[in-house]
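Chemist: Structure: my_file-v8.cif, mmCIF, C-alpha atoms.
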data_model
#
loop_
_atom_site.label_atom_id
_atom_site.label_comp_id
_atom_site.auth_asym_id
_atom_site.auth_seq_id
_atom_site.Cartn_x
_atom_site.Cartn_y
_atom_site.Cartn_z
CA MET A 70 40.41 -9.54 40.60
CA SER A 71 37.10 -11.27 39.93
CA LEU A 72 36.85 -15.03 40.25
CA LEU A 73 34.46 -15.00 37.30
CA ASP A 74 35.55 -14.82 33.67
CA THR A 75 34.45 -11.25 32.93
CA ARG A 76 35.05 -11.78 29.21
CA VAL A 77 31.89 -13.90 29.15
CA PRO A 78 28.65 -11.92 29.49
CA ALA A 79 25.47 -13.21 31.11
CA VAL A 80 21.96 -13.03 29.67
CA LEU A 81 18.98 -13.17 32.03
CA LEU A 82 15.69 -14.21 30.44
CA ARG A 83 12.33 -13.54 32.06
CA ILE A 84 9.09 -14.08 30.16
CA ASP A 85 6.77 -13.37 33.08
CA ARG A 86 5.59 -9.73 33.15
CA ASN A 87 5.87 -9.22 36.93
CA PRO A 88 7.50 -5.78 37.45
CA PHE A 89 8.29 -6.58 41.09
CA HIS A 90 10.36 -9.70 40.42
CA HIS A 91 13.19 -9.08 42.86
CA GLY A 92 14.97 -12.29 41.88
CA THR A 93 15.94 -10.71 38.58
CA LEU A 94 17.46 -7.74 40.40
CA GLY A 95 19.35 -10.15 42.66
CA ALA A 96 20.88 -11.90 39.64
CA VAL A 97 21.79 -8.57 38.01
CA ARG A 98 23.57 -7.42 41.15
CA SER A 99 25.33 -10.72 41.87
CA LEU A 100 26.86 -10.97 38.40
CA GLY A 101 27.36 -7.24 37.90
CA ARG A 102 29.27 -6.86 41.15
CA ALA A 103 31.65 -9.57 39.92
CA GLY A 104 32.39 -7.52 36.80
CA VAL A 105 30.22 -9.54 34.37
CA ASP A 106 28.42 -7.66 31.57
CA VAL A 107 24.74 -8.39 32.33
CA HIS A 108 22.06 -8.34 29.61
CA VAL A 109 18.41 -8.55 30.65
CA ILE A 110 15.68 -9.83 28.33
CA ALA A 111 12.49 -8.90 30.17
CA ASP A 112 9.64 -6.44 30.30
CA VAL A 113 11.05 -3.95 32.80
CA THR A 114 8.58 -1.18 32.02
CA GLY A 115 7.60 0.16 35.41
CA SER A 116 10.14 -2.09 37.13
CA PRO A 117 12.93 -1.03 39.50
CA VAL A 118 15.24 -3.55 37.78
CA ARG A 119 15.79 -1.18 34.86
CA THR A 120 17.40 1.40 37.18
CA SER A 121 20.15 -0.84 38.55
CA ARG A 122 23.62 0.41 37.78
CA PHE A 123 24.68 -3.20 37.20
CA VAL A 124 22.44 -3.68 34.14
CA GLY A 125 24.64 -3.66 31.05
CA ARG A 126 21.86 -3.61 28.48
CA LEU A 127 18.11 -4.15 28.34
CA HIS A 128 16.40 -6.11 25.56
CA SER A 129 12.71 -6.46 24.71
CA PRO A 130 11.22 -9.83 25.71
CA PRO A 131 9.21 -12.22 23.52
CA PRO A 132 5.52 -11.33 23.25
CA SER A 133 3.13 -12.77 25.81
CA GLY A 134 2.26 -16.37 24.96
CA ALA A 135 5.13 -16.57 22.47
CA ALA A 136 5.82 -19.84 20.69
CA PRO A 137 9.26 -21.46 21.07
CA ALA A 138 10.27 -20.17 17.64
CA ASP A 139 9.53 -16.60 18.72
CA ILE A 140 11.57 -17.03 21.90
CA ALA A 141 14.45 -18.50 19.91
CA ALA A 142 14.35 -15.54 17.52
CA VAL A 143 14.66 -13.07 20.41
CA LEU A 144 17.50 -14.98 22.06
CA LEU A 145 19.45 -15.34 18.81
CA ARG A 146 18.96 -11.67 17.99
CA VAL A 147 20.43 -10.73 21.37
CA ALA A 148 23.30 -13.17 20.85
CA ALA A 149 24.09 -11.53 17.51
CA ARG A 150 24.33 -8.15 19.24
CA ILE A 151 26.63 -9.50 21.95
CA GLU A 152 28.85 -11.19 19.33
CA ARG A 153 30.33 -13.77 21.69
CA PRO A 154 29.02 -16.76 23.65
CA ALA A 155 27.17 -15.86 26.86
CA VAL A 156 25.90 -17.71 29.91
CA LEU A 157 22.10 -17.87 29.64
CA ILE A 158 20.06 -17.98 32.87
CA PRO A 159 16.24 -18.24 32.68
CA MET A 160 14.59 -16.51 35.64
CA ASP A 161 11.14 -18.12 35.42
CA ASP A 162 9.66 -21.53 34.61
CA ALA A 163 8.40 -20.47 31.17
CA GLY A 164 11.88 -19.36 30.21
CA ALA A 165 13.52 -22.50 31.62
CA VAL A 166 11.12 -24.74 29.71
CA ALA A 167 11.66 -22.81 26.47
CA VAL A 168 15.46 -22.86 26.78
CA GLY A 169 15.35 -26.60 27.44
CA ARG A 170 13.34 -27.18 24.28
CA LEU A 171 15.59 -24.90 22.23
CA ARG A 172 18.88 -26.22 23.55
CA ALA A 173 20.23 -27.50 20.22
CA GLU A 174 19.34 -24.28 18.45
CA LEU A 175 20.79 -22.03 21.15
CA ALA A 176 23.92 -23.99 22.05
CA PRO A 177 26.27 -22.33 19.54
CA ALA A 178 25.48 -18.88 20.96
CA TYR A 179 24.93 -19.64 24.63
CA LEU A 180 26.65 -21.65 27.35
CA LEU A 181 24.09 -24.03 28.89
CA PRO A 182 24.19 -26.87 31.44
CA GLN A 183 24.50 -30.31 29.85
CA GLN A 184 21.23 -32.15 30.47
CA PRO A 185 18.31 -33.54 28.46
CA GLY A 186 16.32 -30.67 26.99
CA THR A 187 13.02 -32.07 28.23
CA LEU A 188 14.10 -32.35 31.87
CA PRO A 189 13.31 -28.76 32.93
CA GLU A 190 9.83 -29.17 31.50
CA GLN A 191 9.33 -32.50 33.24
CA VAL A 192 10.33 -31.31 36.70
CA ALA A 193 8.31 -28.10 36.37
CA ASP A 194 5.21 -30.12 35.44
CA LYS A 195 3.58 -30.75 38.81
CA ALA A 196 1.83 -33.90 37.60
CA GLU A 197 5.02 -35.50 36.29
CA LEU A 198 6.93 -34.50 39.42
CA ALA A 199 4.86 -36.87 41.53
CA GLY A 200 6.08 -39.86 39.50
CA MET A 201 9.68 -38.68 39.61
CA CYS A 202 9.55 -38.40 43.38
CA ALA A 203 8.16 -41.91 43.66
CA ALA A 204 10.97 -43.29 41.49
CA ALA A 205 13.61 -41.53 43.61
CA ASP A 206 11.94 -42.43 46.95
CA VAL A 207 11.44 -38.76 47.80
CA PRO A 208 8.24 -38.12 49.80
CA HIS A 209 5.54 -36.25 47.90
CA PRO A 210 1.91 -35.55 48.86
CA ARG A 211 -0.56 -38.12 47.53
CA THR A 212 -1.60 -36.86 44.11
CA VAL A 213 -4.41 -37.75 41.70
CA VAL A 214 -4.70 -36.52 38.11
CA PRO A 215 -8.41 -36.91 37.27
CA GLU A 216 -9.59 -37.59 33.75
CA SER A 217 -13.22 -36.57 34.20
CA THR A 218 -15.41 -34.42 36.42
CA THR A 219 -16.59 -37.55 38.21
CA GLN A 220 -13.01 -38.62 38.92
CA ALA A 221 -12.24 -35.12 40.18
CA SER A 222 -15.06 -35.16 42.73
CA ASP A 223 -14.27 -38.75 43.76
CA ALA A 224 -10.59 -37.92 44.21
CA ALA A 225 -11.44 -34.97 46.44
CA TRP A 226 -13.37 -37.33 48.74
CA ARG A 227 -10.68 -40.01 48.74
CA LEU A 228 -7.82 -37.63 49.49
CA GLY A 229 -9.77 -36.05 52.33
CA LEU A 230 -11.16 -32.52 52.17
CA PRO A 231 -9.78 -29.96 51.95
CA VAL A 232 -7.41 -30.82 49.12
CA VAL A 233 -4.96 -28.74 47.12
CA ALA A 234 -5.73 -28.25 43.44
CA LYS A 235 -2.91 -27.35 41.05
CA TRP A 236 -2.56 -26.82 37.34
CA SER A 237 0.29 -29.02 36.21
CA ARG A 238 1.86 -26.35 33.98
CA PRO A 239 1.04 -23.02 35.60
CA TRP A 240 3.17 -21.05 33.15
CA LEU A 241 0.47 -21.78 30.53
CA LEU A 242 -2.35 -20.12 32.49
CA PRO A 243 -3.89 -17.33 30.40
CA PRO A 244 -3.56 -13.88 31.98
CA GLY A 245 -6.80 -12.33 33.15
CA ALA A 246 -8.69 -15.63 33.31
CA GLY A 247 -8.98 -15.60 37.10
CA LEU A 248 -7.24 -18.97 37.40
CA ARG A 249 -4.64 -19.39 40.12
CA SER A 250 -1.85 -21.92 39.88
CA THR A 251 -2.74 -23.37 43.31
CA VAL A 252 -6.01 -23.22 45.23
CA VAL A 253 -7.64 -25.08 48.10
CA VAL A 254 -10.69 -27.15 47.22
CA ARG A 255 -13.20 -27.63 50.04
CA SER A 256 -15.92 -29.61 48.28
CA PRO A 257 -16.30 -32.18 45.46
CA GLN A 258 -18.27 -29.60 43.48
CA GLU A 259 -15.36 -27.18 43.55
CA ALA A 260 -13.14 -29.95 42.17
CA ARG A 261 -15.64 -30.62 39.38
CA ASP A 262 -15.87 -26.93 38.52
CA LEU A 263 -12.11 -26.57 38.29
CA TYR A 264 -11.73 -29.67 36.13
CA GLN A 265 -14.21 -28.21 33.64
CA ARG A 266 -11.77 -25.33 33.07
CA SER A 267 -8.88 -27.61 32.07
CA GLU A 268 -8.96 -26.63 28.42
CA GLU A 269 -8.92 -22.96 29.35
CA ALA A 270 -6.02 -23.51 31.77
CA GLY A 271 -3.92 -25.21 29.10
CA SER A 272 -2.76 -28.13 31.26
CA ARG A 273 -3.99 -30.94 33.48
CA LEU A 274 -5.60 -30.43 36.85
CA LEU A 275 -4.17 -32.41 39.73
CA LEU A 276 -5.56 -32.86 43.22
CA GLN A 277 -3.14 -33.26 46.07
CA GLU A 278 -3.29 -34.27 49.70
CA PHE A 279 -3.34 -31.22 51.97
CA LEU A 280 -0.51 -31.12 54.49
CA PRO A 281 -1.55 -28.90 57.42
CA PRO A 282 0.61 -25.88 58.15
CA GLY A 283 2.48 -25.27 61.35
CA PRO A 284 5.59 -23.62 62.79
CA GLY A 285 8.83 -24.74 61.16
CA ARG A 286 7.13 -26.83 58.47
CA ASP A 287 7.88 -24.80 55.33
CA TRP A 288 11.34 -25.20 53.85
CA PHE A 289 13.14 -24.53 50.59
CA PHE A 290 16.42 -25.65 49.07
CA HIS A 291 18.40 -23.79 46.42
CA GLY A 292 21.38 -25.20 44.58
CA TYR A 293 23.38 -25.50 41.41
CA ALA A 294 24.19 -28.98 40.10
CA ASP A 295 27.53 -28.66 38.32
CA ARG A 296 28.97 -30.69 35.43
CA SER A 297 29.78 -33.56 37.80
CA GLY A 298 26.37 -33.45 39.49
CA ALA A 299 27.71 -31.98 42.76
CA VAL A 300 25.35 -29.45 44.34
CA ARG A 301 26.96 -26.08 45.07
CA GLY A 302 26.08 -22.46 45.73
CA GLY A 303 22.98 -22.90 47.88
CA GLY A 304 21.50 -24.42 50.98
CA SER A 305 18.32 -25.04 52.96
CA GLY A 306 16.15 -22.32 54.41
CA ARG A 307 12.96 -21.81 56.38
CA LYS A 308 10.10 -19.72 55.10
CA LEU A 309 9.12 -17.50 58.01
CA CYS A 310 6.69 -15.24 56.18
CA SER A 311 4.99 -15.31 52.78
CA TRP A 312 3.06 -13.03 50.47
CA PRO A 313 0.20 -13.46 49.62
CA ARG A 314 -0.56 -14.78 53.05
CA GLY A 315 0.10 -18.46 53.29
CA ALA A 316 0.29 -19.12 49.57
CA GLY A 317 2.97 -17.03 47.96
CA LEU A 318 6.60 -16.11 47.69
CA THR A 319 9.06 -15.93 50.56
CA ALA A 320 8.82 -12.47 52.12
CA VAL A 321 11.06 -13.41 55.06
CA GLY A 322 13.37 -16.41 55.00
CA GLU A 323 16.30 -17.68 57.05
CA TRP A 324 19.31 -19.81 56.14
CA SER A 325 18.79 -22.88 58.35
CA PRO A 326 20.94 -25.98 57.71
CA ASN A 327 18.75 -29.07 57.46
CA PRO A 328 20.60 -32.29 56.61
CA ARG A 329 17.41 -34.14 55.70
CA VAL A 330 16.24 -31.50 53.24
CA ARG A 331 19.70 -31.41 51.67
CA GLU A 332 19.87 -35.20 51.40
CA LEU A 333 16.47 -35.38 49.66
CA SER A 334 17.42 -32.58 47.28
CA GLU A 335 20.72 -34.13 46.30
CA ARG A 336 19.13 -37.57 45.94
CA LEU A 337 16.48 -36.30 43.53
CA THR A 338 18.82 -34.23 41.36
CA ALA A 339 21.29 -37.13 41.18
CA GLU A 340 18.55 -39.61 40.28
CA LEU A 341 17.30 -37.32 37.49
CA GLY A 342 20.74 -36.38 36.21
CA TYR A 343 19.74 -32.76 36.64
CA ARG A 344 22.29 -30.05 35.82
CA GLY A 345 21.88 -26.36 36.45
CA ILE A 346 20.12 -24.10 38.96
CA PHE A 347 17.12 -25.36 40.90
CA ASP A 348 14.76 -24.21 43.65
CA LEU A 349 12.79 -26.81 45.66
CA ASP A 350 9.91 -26.29 48.11
CA PHE A 351 9.26 -28.73 50.96
CA ARG A 352 6.52 -29.11 53.59
CA ARG A 353 7.14 -31.16 56.73
CA CYS A 354 4.24 -33.34 57.79
CA GLY A 355 3.28 -32.59 61.38
CA THR A 356 2.19 -36.19 61.96
CA THR A 357 5.03 -38.21 60.45
CA GLY A 358 7.82 -35.62 60.42
CA ARG A 359 8.60 -36.48 56.79
CA TYR A 360 9.60 -33.71 54.39
CA HIS A 361 7.43 -33.75 51.26
CA LEU A 362 8.59 -32.10 48.05
CA LEU A 363 5.91 -29.72 46.77
CA ASP A 364 7.59 -28.00 43.81
CA PHE A 365 10.69 -28.27 41.65
CA ASN A 366 11.55 -25.00 39.90
CA PRO A 367 14.29 -25.37 37.25
CA ARG A 368 15.64 -21.84 37.73
CA PRO A 369 16.80 -19.52 40.52
CA GLY A 370 14.36 -18.92 43.35
CA ALA A 371 13.62 -15.24 43.95
CA GLN A 372 15.41 -15.38 47.33
CA PHE A 373 18.56 -17.13 46.05
CA ARG A 374 20.80 -14.34 47.37
CA LEU A 375 20.04 -15.57 50.89
CA PHE A 376 22.60 -18.30 50.23
CA SER A 377 25.64 -16.14 49.49
CA ASP A 378 28.40 -17.82 51.46
CA THR A 379 31.62 -16.37 52.91
CA ALA A 380 33.29 -16.66 49.47
CA GLY A 381 30.42 -14.78 47.83
CA LEU A 382 29.21 -17.87 45.96
CA ASP A 383 25.53 -18.17 45.05
CA VAL A 384 23.72 -20.20 42.39
CA VAL A 385 24.04 -17.71 39.50
CA ARG A 386 27.75 -17.20 40.15
CA ALA A 387 28.15 -20.96 40.44
CA GLN A 388 26.59 -21.45 36.99
CA HIS A 389 28.78 -18.79 35.40
CA LEU A 390 31.93 -20.23 36.97
CA ASP A 391 31.07 -23.81 36.07
CA LEU A 392 30.12 -23.12 32.45
CA THR A 393 33.27 -21.07 31.89
CA HIS A 394 35.37 -23.86 33.44
CA ARG A 395 36.46 -21.80 36.42
CA PRO A 396 36.90 -23.37 39.89
CA LEU A 397 34.12 -22.73 42.38
CA PRO A 398 35.50 -21.22 45.60
CA GLU A 399 35.04 -23.08 48.87
CA GLY A 400 33.18 -20.79 51.25
CA ASP A 401 31.53 -21.42 54.59
CA PRO A 402 27.73 -21.29 55.05
CA ARG A 403 26.20 -18.40 56.98
CA PRO A 404 23.41 -19.96 59.07
CA GLY A 405 20.94 -17.53 60.53
CA ARG A 406 21.32 -15.09 57.66
CA ALA A 407 17.98 -13.54 56.72
CA PHE A 408 16.30 -12.49 53.49
CA VAL A 409 13.56 -9.85 53.49
CA VAL A 410 11.39 -8.45 50.70
CA GLU A 411 10.79 -4.95 52.02
CA ASN A 412 7.51 -4.13 50.25
CA TYR A 413 5.91 -7.32 51.61
CA ALA A 414 7.46 -7.28 55.09
CA PRO A 415 8.66 -3.76 55.93
CA LEU A 416 8.66 -4.33 59.67
CA ALA A 417 10.92 -7.36 59.31
CA ALA A 418 13.37 -5.19 57.35
CA LEU A 419 13.76 -3.00 60.44
CA ARG A 420 14.60 -5.82 62.84
CA PRO A 421 18.17 -6.26 64.10
CA ALA A 422 20.00 -8.89 62.03
CA PRO A 423 23.03 -10.01 64.03
CA ARG A 424 23.81 -12.82 61.56
CA GLY A 425 23.41 -10.72 58.44
CA ARG A 426 20.54 -9.91 56.11
CA GLU A 427 19.95 -9.56 52.39
CA LEU A 428 17.27 -7.08 51.32
CA ALA A 429 15.50 -7.74 48.04
CA TRP A 430 15.48 -4.14 46.80
CA HIS A 431 17.77 -1.93 48.88
CA ALA A 432 21.56 -2.10 48.56
CA GLY A 433 24.24 0.35 49.61
CA ASP A 434 26.07 0.09 46.29
CA ASP A 435 22.91 0.20 44.14
CA GLY A 436 20.47 2.53 45.85
CA VAL A 437 18.19 3.66 43.02
CA PRO A 438 16.10 0.45 42.60
CA GLY A 439 15.06 0.54 46.26
CA ARG A 440 13.88 4.13 46.04
CA VAL A 441 12.11 3.53 42.75
CA MET A 442 10.43 0.43 44.17
CA TRP A 443 8.67 2.38 46.92
CA GLY A 444 7.25 4.89 44.46
CA LEU A 445 6.04 2.21 42.09
CA TRP A 446 4.72 0.04 44.92
CA SER A 447 2.74 2.91 46.43
CA ALA A 448 1.14 3.60 43.05
CA HIS A 449 0.41 -0.11 42.59
CA VAL A 450 -1.30 -0.44 45.97
CA THR A 451 -3.28 2.76 45.41
CA ARG A 452 -4.58 1.47 42.07
CA ARG A 453 -5.66 -1.77 43.71
CA LEU A 454 -7.45 0.10 46.48
CA LEU A 455 -9.28 2.38 44.06
CA GLY A 456 -10.23 -0.61 41.92
CA ARG A 457 -11.75 -2.38 44.91
CA LEU A 458 -13.62 0.73 46.03
CA ARG A 459 -15.11 1.19 42.55
CA ARG A 460 -16.50 -2.33 42.38
CA PRO A 461 -20.28 -2.64 42.78
CA ARG A 462 -21.11 -3.42 46.38
CA PRO A 463 -24.30 -4.74 47.95
CA SER A 464 -24.33 -1.80 50.33
CA GLY A 465 -22.46 1.42 50.90
CA THR A 466 -22.29 1.05 54.64
CA PRO A 467 -19.17 2.12 56.54
CA ALA A 468 -18.62 -1.50 57.53
CA GLU A 469 -18.56 -2.57 53.88
CA THR A 470 -16.14 0.21 52.98
CA ALA A 471 -13.90 -0.77 55.87
CA ARG A 472 -13.88 -4.37 54.66
CA VAL A 473 -12.74 -3.30 51.18
CA VAL A 474 -9.97 -1.18 52.65
CA ARG A 475 -8.80 -4.08 54.83
CA GLN A 476 -8.63 -6.34 51.77
CA ALA A 477 -6.48 -3.86 49.88
CA PHE A 478 -4.37 -2.99 52.94
CA PRO A 479 -4.13 -6.04 55.22
CA PRO A 480 -3.44 -5.14 58.85
CA PRO A 481 0.23 -5.09 59.78
CA SER A 482 1.78 -7.77 61.89
CA SER A 483 5.01 -7.85 63.79
CA PRO A 484 7.96 -9.63 62.20
CA PRO A 485 8.37 -13.30 63.09
CA GLY A 486 9.77 -13.75 66.54
CA LEU A 487 8.51 -10.46 67.96
CA PRO A 488 5.65 -10.11 70.45
CA GLY A 489 2.28 -9.53 68.89
CA ALA A 490 2.95 -11.30 65.59
CA PRO A 491 -0.36 -12.96 64.71
CA ASP A 492 -0.06 -16.50 63.43
CA VAL A 493 -2.39 -15.97 60.47
CA THR A 494 -2.52 -18.95 58.19
CA ASP A 495 -4.11 -19.87 54.90
CA ALA A 496 -5.07 -23.37 53.94
CA THR A 497 -2.84 -23.33 50.89
CA GLY A 498 0.39 -22.78 52.72
CA GLY A 499 0.16 -21.84 56.35
CA GLU A 500 3.12 -19.48 56.50
CA LYS A 501 2.97 -16.61 58.93
CA ALA A 502 1.39 -13.41 57.66
CA CYS A 503 3.61 -10.42 56.91
CA GLY A 504 3.37 -6.85 58.05
CA ARG A 505 2.53 -4.26 55.44
#
With the file now loaded, output its structure as structure tokens.
Modeler:
Amino acid sequence: MSLLDTRVPAVLLRIDRNPFHHGTLGAVRSLGRAGVDVHVIADVTGSPVRTSRFVGRLHSPPPSGAAPADIAAVLLRVAARIERPAVLIPMDDAGAVAVGRLRAELAPAYLLPQQPGTLPEQVADKAELAGMCAAADVPHPRTVVPESTTQASDAAWRLGLPVVAKWSRPWLLPPGAGLRSTVVVRSPQEARDLYQRSEEAGSRLLLQEFLPPGPGRDWFFHGYADRSGAVRGGGSGRKLCSWPRGAGLTAVGEWSPNPRVRELSERLTAELGYRGIFDLDFRRCGTTGRYHLLDFNPRPGAQFRLFSDTAGLDVVRAQHLDLTHRPLPEGDPRPGRAFVVENYAPLAALRPAPRGRELAWHAGDDGVPGRVMWGLWSAHVTRRLLGRLRRPRPSGTPAETARVVRQAFPPPSSPPGLPGAPDVTDATGGEKACGR
């Protein structure tokens, strides 16, 4: 018999168009395996998620760049089809911010954590997060929000080049504009140039002290803050490998208990009165040893299934149990458990995993998404390669062609911990490069 109330369905909302968002598949499987009827509001065209046997029903998402009223209309239309209250779980920042704003309108149809509707938006805003950390005495990299091009160039000098540049609300970045949510700035002129694109980006630019990368410095913490504020269903983990190199999602992670990271996470959520699922990113300073909070994501992290304990509890199950007034089971942590995203780190997926491993796409009881992923991923990589080869080039020499091929197909590296794994780092993150 399921611990979850299977009479209450779950609705997963994802506004982002990423077809390879494995976190959505993880949530579908976690809830579906427990017997919950899972509805997915997302663009799953060309996505392996649509093939999971645990998907109850698919619904079309709001249009790109939708206003809150449009998002509310979609959510209420789905609620009318379900005909009973459902647990609503946003899977990206844009969805979390929208649901927070629409809380009063959605509450009759959806079960939602009890917290101020503006809080998800505040913590997701990277400029506001700096002030929240200061108020809670949680270390955060020195941050400046310039108000002119001159202030931007001056701040770059004062913080010490290179510096990290971020858009405070990355979910507002227009697609196809060539703007990245986080980049490394190596000169005052680069800072000035970025600031001049603030209107196009849709949010403020902030410049942040660069914390150098290094082994064991990148950490994350996932959790669910229940009705009482207690943090359940997660834990602390180390990012062993990322994609893109040094600046992206966790391709290989490990459940690694870290009392300091947990204490900082629980302190901040308690200070804010936060309720619901959260995903925090930390960087340990190599000089001081202090853990600095880099990001606060008010939704499940893509690798949340890493933290499935011996009772099977994770953050999405914790939210469903809590909002349906069911007790949360007491399980034991599983330190050393690994999480691997196979298309970003295939060699790591082949390593022995004596303490257990969660694969992002492949599962014995839900095999189709994994097979579909490889077909779609191969087509995706081929399109990227052909696109690069078709770009005008200064010369058609074999060396130039080889360079283009290397950019589309980075050289493989051994999984972390194996001989021959190159410690390739990028200034924006410094995590170890992954094999392809």
Chemist: Please, what distance in Å, to one decimal, runs between CA of Pro438 (chain A) and CA of Ser121 (chain A)?
Modeler: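 Atom-to-atom, CA of Pro438 (chain A) and CA of Ser121 (chain A) are spaced 5.9 Å apart.
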Chemist: With 10 Å as the cut-off and only C-alpha atoms counted, what is the closest atom pair between each nearby residue of region 289-375 of chain A and region 410-426 of chain A? Distances in Å to one decimal, ordered by chain and number, as CSV.
Modeler:
residue,atom,partner,partner_atom,distance
A:Cys310,CA,A:Ala414,CA,8.1
A:Ser311,CA,A:Tyr413,CA,8.1
A:Trp312,CA,A:Tyr413,CA,6.5
A:Pro313,CA,A:Tyr413,CA,8.6
A:Arg314,CA,A:Tyr413,CA,10.0
A:Leu318,CA,A:Val410,CA,9.5
A:Thr319,CA,A:Val410,CA,7.8
A:Ala320,CA,A:Val410,CA,5.0
A:Val321,CA,A:Val410,CA,6.6
A:Gly322,CA,A:Val410,CA,9.3
A:Glu323,CA,A:Arg426,CA,8.9
A:Trp324,CA,A:Arg424,CA,9.9
A:Ala371,CA,A:Val410,CA,9.8
A:Gln372,CA,A:Val410,CA,8.7
A:Arg374,CA,A:Arg426,CA,9.8
A:Leu375,CA,A:Arg426,CA,7.7
Chemist: Please evaluate the PyMOL selection byres ((chain A and resi 136) around 12) against the structure above and give the resulting residues as a list in words.
Modeler: Ile84, Pro131, Pro132, Ser133, Gly134, Ala135, Pro137, Ala138, Asp139, Ile140, Ala141, Ala142, Val143, Ala163, Gly164, Val166, Ala167, Val168, Arg170, Leu171 and Leu241 of chain A
Chemist: Translate the PyMOL selection byres ((chain A and resi 105-116) around 8) into a concrete residue list for this structure, as a ChimeraX atom specification.
Modeler: /A:73-86,88-89,97,100-104,117-119,123-130,442,445
Chemist: Ranking A:Ser217, A:Gln277, A:Ser272, A:Gln265 by minimum distance to Val252 (chain A) and counting only C-alpha atoms, which one comes first?
Modeler: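 Nearest to Val252 (chain A): A:Gln277.
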Chemist: Which of these, A:Asp161, A:Asp350, A:Asp378, A:Glu152, has the shortest distance to Glu427 (chain A) once you count only C-alpha atoms?
Modeler: A:Asp378
Chemist: Excluding Gly200 (chain A) and residues on its chain fewer than 5 positions from it, collect all residues at most 12 Å away from it, counting only C-alpha atoms, and give them as number ranges by chain.
Modeler: A: 191-192, 194-195, 205-214, 337, 341, 362
Chemist: With C-alpha atoms kept, could you save the residues just selected as a PDB file, in the coordinates of the input?
Modeler:
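Everything below was put into selection13.pdb:
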ATOM      1  CA  GLN A 191       9.330 -32.500  33.240  1.00  0.00           C
ATOM      2  CA  VAL A 192      10.330 -31.310  36.700  1.00  0.00           C
ATOM      3  CA  ASP A 194       5.210 -30.120  35.440  1.00  0.00           C
ATOM      4  CA  LYS A 195       3.580 -30.750  38.810  1.00  0.00           C
ATOM      5  CA  ALA A 205      13.610 -41.530  43.610  1.00  0.00           C
ATOM      6  CA  ASP A 206      11.940 -42.430  46.950  1.00  0.00           C
ATOM      7  CA  VAL A 207      11.440 -38.760  47.800  1.00  0.00           C
ATOM      8  CA  PRO A 208       8.240 -38.120  49.800  1.00  0.00           C
ATOM      9  CA  HIS A 209       5.540 -36.250  47.900  1.00  0.00           C
ATOM     10  CA  PRO A 210       1.910 -35.550  48.860  1.00  0.00           C
ATOM     11  CA  ARG A 211      -0.560 -38.120  47.530  1.00  0.00           C
ATOM     12  CA  THR A 212      -1.600 -36.860  44.110  1.00  0.00           C
ATOM     13  CA  VAL A 213      -4.410 -37.750  41.700  1.00  0.00           C
ATOM     14  CA  VAL A 214      -4.700 -36.520  38.110  1.00  0.00           C
ATOM     15  CA  LEU A 337      16.480 -36.300  43.530  1.00  0.00           C
ATOM     16  CA  LEU A 341      17.300 -37.320  37.490  1.00  0.00           C
ATOM     17  CA  LEU A 362       8.590 -32.100  48.050  1.00  0.00           C
TER      18      LEU A 362
END
Chemist: What lies within 10 Å of Gln183 (chain A) using all atoms listed in the file, ignoring chain neighbours under 3 positions off, as a ChimeraX atom specification?
Modeler: /A:172,180,186,295-296,342-345,392
Chemist: Which residue gives the smallest distance to Gly169 (chain A) among A:Pro257, A:Gly405, A:Arg368, A:Leu280, with only C-alpha atoms counted?
Modeler: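 Checking each candidate against Gly169 (chain A), we get A:Arg368 as the closest.
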Chemist: Looking at all atoms listed in the file, which of A:Ala380, A:Ala429, A:Val253, A:Val450 is the one that sits closest to His91 (chain A)?
Modeler: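 Nearest to His91 (chain A): A:Ala429.
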Chemist: Could you expand the PyMOL selection byres ((chain A and resi 365) around 8) into the explicit residues it covers here, written as a PyMOL selection string?
Modeler: chain A and resi 192-193+198+347-350+362-364+366-367
Chemist: Which residues are close to Pro231 (chain A), i.e. within 8 Å by all atoms listed in the file, leaving aside same-chain residues fewer than 6 positions away? Reply as a list in words.
Modeler: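 These residues fall inside the cut-off: Ala225, Val253, Val254, Arg255, Ser256 and Phe279 of chain A.
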Chemist: Would you please work out which residue, of A:Ala246, A:Cys354, A:Val233, A:Met160, is nearest to Asp287 (chain A) when using all atoms listed in the file?
Modeler: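 Among the listed residues, A:Cys354 lies closest to Asp287 (chain A).
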Chemist: Suppose you want the space between CA of Ser237 (chain A) and CA of Arg301 (chain A); what is it in Å?
Modeler: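 About the pair CA of Ser237 (chain A) and CA of Arg301 (chain A): they are 28.3 Å apart.
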Chemist: Counting all atoms listed in the file, which residues have an atom no more than 7 Å from (12.8, -26.7, 54.3) in the file's coordinates? Please list them as a VMD selection string.
Modeler: chain A and resid 287 to 290 305 to 307 330 350 to 352
Chemist: Grab the CA of Gly439 (chain A) to CA of Val384 (chain A) distance for me, in Å with one decimal place.
Modeler: 22.8 Å
Chemist: Pick out the closest residue to Ala234 (chain A) from this set: A:Ala448, A:Glu216, A:Arg273, A:Asp162. Count all atoms listed in the file.
Modeler: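 Closest to Ala234 (chain A) of all the choices is A:Arg273.
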Chemist: Which polymer residues have any atom within 7 Å of an atom of Pro239 (chain A), counting all atoms listed in the file, with same-chain residues fewer than 3 positions away left out, as a list of chain:residue names?
Modeler: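 Neighbouring residues, sequence-local ones excluded: A:Trp236, A:Leu242, A:Ser250.
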Chemist: Can you report as AutoDock Vina command-line options the centre and edge lengths in Å, to one decimal, of an axis-aligned box around the listed atoms of region 174-188 of chain A padded with 4 Å on each side?
Modeler:
--center_x 19.8 --center_y -26.2 --center_z 25.2 --size_x 21.6 --size_y 22.7 --size_z 21.4
